[in-house]
Amino acid sequence: MRCVFVYTSTMDQLDFFRPTVLSVTALTNYLRELLETDDVLRDVWVRGEISNFSQPRSGHLYFTLKDSDAQIRCVMWKNAAYRLNFSPRDGQGVEVHGSMSIYAAGGQVQLYVDSMQALGEGLLYQEFLRLKNKLEQEGLFDPTHKRPIHALPKHIGIVSSATGAALQDMLNTLSRRLPLAKVTIAPSQVQGVEAPASLIQALQALNQINDLDLILLARGGGSIEDLWAFNDENLAYAIHNSRVPVITGVGHETDFTIADFVADLRAPTPTAAAELATAISINDLAVTLQNARSDLTATIEEVIATRSYALELRNFDLQRLSPLQRVNNAIQTMDHLRERLDRSIGTHLHKAQLRLANLSSRLETLSPTAVLNRGYAIVTDAHSGKLLSQASQAKPDQAVELQFIDGKVPAVIQASLKETE
Amino acid sequence: MTEQPPINYEAAFAALQEVITKLENSELPLEEALKLYEKGKKLSDQCAKLLENAQLRVSTLGQAENDTEEAL
């Protein structure tokens, strides 16, 4: 014992210079003891606004109770929650009763709620409605102010957290739907007190880019407080005054912020915003291009067909006017002439025949037979057949033939010529 | 690879449409029509290539341009 004492004593001397060290569990247990034995904390009413409300399958309710300066985690077990006569929701003002304790595993001091009463509209929600009404009256939500969204943006600006999943979601969607586009990111804080100014600055920076077609203003899902920067009045004016059209995609489907109302187009989520930003996708472009290519081919085919038809007509003309045709015509003319020639030569022959007959008949009148007809006879030598036209030609005993009109008679010359005195 | 003129999709597609309109609307000399057709084919090939090879170019404001230009 003594030895131990000495040892401890040495330690005590060292401990004189350093504080007592507790384990985390010991500290937590000590705190719990304090909290659970405090008369105020073990039976307390608290007024605040619900946020980060969630009700998992277990049926227990988890939420944060807050006011403008502070917040505290709350749990309401299933059996207590079962007795509630309303459905708690974010932004709702409530009065709760319960006891404070500590959730050791989470290191969180929290209020274990056993009953809860609604207080009507929460303060944040009231502020939201007030601002919404004000801006609506000023005409910031006027549909006539909504600008059309470029269906095929070449350059898209994004205002979002540089590290959020929302940014990746948007980039993935843009990359899938319209990889032709150029994207410029203006990183911004998207929650906390600095967020509105940061968002405004990012919007204005993007507005400096001349060829920017569109701005996506987006943030992933979160509690109503997380999204609160998007309910900022100055941000509303900045969106309203943006030269470049703005599409918002803040939180989830059910979240509506002032920014959504002022924007030219509101998308339920960041991904949906990226989809709305690319009304015409690369697939649409491919279809349109395919149609244009068909048009091009059809048109040139028609051009060629038209030319081809015109060529056919000219060919026809050419055939009609060809020299061959003239040659054929000439042949026909020649045939015709030949026919006329034949006909005319026939006439000539006929005439000649007539003339010949005429001459023949005239000749006939001069023929010796005509003389014979009149009773004369022709004397020819019987051997030589020579005509004896002179008496001196006749010799005695010469055989002759006498040609009468009706036949020949042989004869002999009796004597030679007797001179006529 | 042959060097393509630096042209964006919209410009190439607009040029293609112009070529088609010209081909459709006028009594062009055949030679010219064929030239236009060839030009149209080239433009449409170029468009198709741009679509095929398109990659999202992302840059972030406030950082050096060259460092942040990235294709997804």
# chains A, B, ... in the order shown; residues from 1 in each chain; ligands from 1
call {"tool": "interface_residues", "arguments": {"of": "chain A", "to": "chain B", "cutoff": "9 Å", "atoms": "only C-alpha atoms", "output": "number ranges by chain"}}
result
A: 154, 162, 171-172, 174-176, 178-187, 202, 205-206, 282-283, 285-286, 289-290, 292-293, 295-297, 299-300, 302-304, 307
call {"tool": "residues_around", "arguments": {"residues": "segment 215-223 of chain A", "least_positions_apart": "6", "cutoff": "6 Å", "atoms": "only C-alpha atoms", "output": "count of residues only"}}
result
15
call {"tool": "select_by_dssp", "arguments": {"residues": "segment 180-380 of chain A", "states": "helix (DSSP H, G or I)", "output": "PyMOL selection string"}}
result
chain A and resi 195-207+228-231+233-241+258-262+270-277+282-320+323-366+368-373
call {"tool": "write_last_selection", "arguments": {"atoms": "C-alpha atoms", "output": "compact mmCIF listing (two decimals), in the first residue's frame"}}
result
# COMPACT_ATOMS: atom_id res chain seq x y z
CA ALA A 195 -24.00 32.38 -50.10
CA PRO A 196 -26.34 35.07 -51.49
CA ALA A 197 -23.48 37.51 -52.20
CA SER A 198 -21.40 34.68 -53.66
CA LEU A 199 -24.26 33.58 -55.92
CA ILE A 200 -24.85 37.15 -57.09
CA GLN A 201 -21.16 37.61 -57.83
CA ALA A 202 -21.06 34.37 -59.84
CA LEU A 203 -24.14 35.38 -61.82
CA GLN A 204 -22.62 38.75 -62.63
CA ALA A 205 -19.29 37.18 -63.61
CA LEU A 206 -21.04 34.88 -66.07
CA ASN A 207 -22.96 37.85 -67.48
CA TRP A 228 -32.34 29.62 -47.87
CA ALA A 229 -29.72 31.53 -49.87
CA PHE A 230 -31.96 31.06 -52.91
CA ASN A 231 -34.68 33.05 -51.13
CA GLU A 233 -34.04 39.36 -52.12
CA ASN A 234 -30.87 40.69 -53.75
CA LEU A 235 -30.31 37.39 -55.54
CA ALA A 236 -33.87 37.73 -56.89
CA TYR A 237 -32.96 41.14 -58.38
CA ALA A 238 -29.69 39.78 -59.75
CA ILE A 239 -31.57 37.00 -61.56
CA HIS A 240 -34.14 39.50 -62.79
CA ASN A 241 -31.39 41.76 -64.14
CA ILE A 258 -37.78 32.82 -54.67
CA ALA A 259 -35.04 32.22 -57.24
CA ASP A 260 -37.30 29.66 -58.94
CA PHE A 261 -40.08 32.22 -59.27
CA VAL A 262 -37.81 34.92 -60.75
CA PRO A 270 -30.15 20.30 -61.13
CA THR A 271 -30.28 17.34 -63.53
CA ALA A 272 -33.66 18.49 -64.85
CA ALA A 273 -32.21 21.98 -65.31
CA ALA A 274 -29.44 20.56 -67.47
CA GLU A 275 -32.07 18.68 -69.48
CA LEU A 276 -34.20 21.80 -69.99
CA ALA A 277 -31.05 23.64 -71.06
CA ILE A 282 -27.19 15.50 -80.02
CA ASN A 283 -29.55 12.67 -81.07
CA ASP A 284 -32.01 15.23 -82.42
CA LEU A 285 -29.16 16.86 -84.30
CA ALA A 286 -28.16 13.51 -85.76
CA VAL A 287 -31.73 12.93 -87.02
CA THR A 288 -31.91 16.43 -88.52
CA LEU A 289 -28.53 15.93 -90.16
CA GLN A 290 -29.67 12.61 -91.60
CA ASN A 291 -32.73 14.32 -93.09
CA ALA A 292 -30.59 17.07 -94.55
CA ARG A 293 -28.31 14.49 -96.12
CA SER A 294 -31.32 12.74 -97.69
CA ASP A 295 -32.56 16.12 -98.95
CA LEU A 296 -29.18 16.83 -100.46
CA THR A 297 -29.10 13.50 -102.31
CA ALA A 298 -32.74 13.77 -103.42
CA THR A 299 -32.14 17.29 -104.69
CA ILE A 300 -29.10 16.46 -106.76
CA GLU A 301 -30.90 13.41 -108.14
CA GLU A 302 -33.78 15.64 -109.16
CA VAL A 303 -31.39 18.15 -110.70
CA ILE A 304 -29.83 15.36 -112.73
CA ALA A 305 -33.22 13.88 -113.66
CA THR A 306 -34.42 17.29 -114.88
CA ARG A 307 -31.29 17.69 -116.96
CA SER A 308 -31.64 14.16 -118.23
CA TYR A 309 -35.22 14.80 -119.39
CA ALA A 310 -34.20 18.04 -121.08
CA LEU A 311 -31.40 16.15 -122.78
CA GLU A 312 -33.87 13.55 -124.03
CA LEU A 313 -36.03 16.28 -125.55
CA ARG A 314 -33.03 17.82 -127.26
CA ASN A 315 -32.02 14.40 -128.55
CA PHE A 316 -35.44 14.08 -130.11
CA ASP A 317 -35.04 17.51 -131.72
CA LEU A 318 -31.61 16.59 -132.90
CA GLN A 319 -32.89 13.46 -134.56
CA ARG A 320 -35.62 15.42 -136.24
CA PRO A 323 -28.59 15.47 -141.87
CA LEU A 324 -29.63 11.85 -142.20
CA GLN A 325 -33.17 13.07 -142.48
CA ARG A 326 -32.09 15.43 -145.22
CA VAL A 327 -30.37 12.60 -147.01
CA ASN A 328 -33.53 10.55 -146.77
CA ASN A 329 -35.51 13.47 -148.07
CA ALA A 330 -33.09 13.84 -150.98
CA ILE A 331 -33.44 10.15 -151.77
CA GLN A 332 -37.17 10.52 -151.81
CA THR A 333 -36.93 13.51 -154.11
CA MET A 334 -34.64 11.57 -156.38
CA ASP A 335 -37.04 8.65 -156.47
CA HIS A 336 -39.75 11.03 -157.43
CA LEU A 337 -37.64 12.57 -160.15
CA ARG A 338 -36.70 9.17 -161.48
CA GLU A 339 -40.34 8.27 -161.67
CA ARG A 340 -41.02 11.45 -163.61
CA LEU A 341 -38.03 10.69 -165.78
CA ASP A 342 -39.32 7.21 -166.52
CA ARG A 343 -42.73 8.56 -167.28
CA SER A 344 -41.40 11.24 -169.61
CA ILE A 345 -39.06 8.88 -171.46
CA GLY A 346 -42.06 6.62 -172.10
CA THR A 347 -43.88 9.50 -173.68
CA HIS A 348 -40.91 10.24 -175.86
CA LEU A 349 -40.67 6.61 -176.97
CA HIS A 350 -44.30 6.53 -177.77
CA LYS A 351 -43.96 9.65 -179.89
CA ALA A 352 -40.95 8.15 -181.64
CA GLN A 353 -42.91 4.99 -182.33
CA LEU A 354 -45.70 7.03 -183.80
CA ARG A 355 -43.24 8.91 -185.96
CA LEU A 356 -41.64 5.66 -186.96
CA ALA A 357 -44.98 4.18 -188.00
CA ASN A 358 -45.68 7.31 -189.94
CA LEU A 359 -42.36 7.13 -191.68
CA SER A 360 -42.88 3.39 -192.24
CA SER A 361 -46.12 4.02 -194.00
CA ARG A 362 -44.50 6.71 -196.06
CA LEU A 363 -41.69 4.32 -196.82
CA GLU A 364 -44.24 1.78 -197.76
CA THR A 365 -45.51 4.04 -200.51
CA LEU A 366 -41.99 4.19 -201.91
CA PRO A 368 -40.81 -1.57 -205.04
CA THR A 369 -43.68 -3.83 -204.18
CA ALA A 370 -45.96 -0.85 -204.56
CA VAL A 371 -44.64 -0.59 -208.18
CA LEU A 372 -45.21 -4.32 -208.63
CA ASN A 373 -48.78 -3.71 -207.46
call {"tool": "atom_distance", "arguments": {"atom1": "atom CA of Phe86 of chain A", "atom2": "atom CA of Gln117 of chain A"}}
result
8.4 Å
call {"tool": "residues_around", "arguments": {"residues": "segment 379-396 of chain A", "least_positions_apart": "4", "cutoff": "7 Å", "atoms": "only C-alpha atoms", "output": "number ranges by chain"}}
result
A: 400-403, 413-417
call {"tool": "closest_residue", "arguments": {"among": "A:Thr64, A:Thr144, A:Asn79, A:Gln137", "to": "Leu111 of chain A", "atoms": "only C-alpha atoms"}}
result
A:Thr64
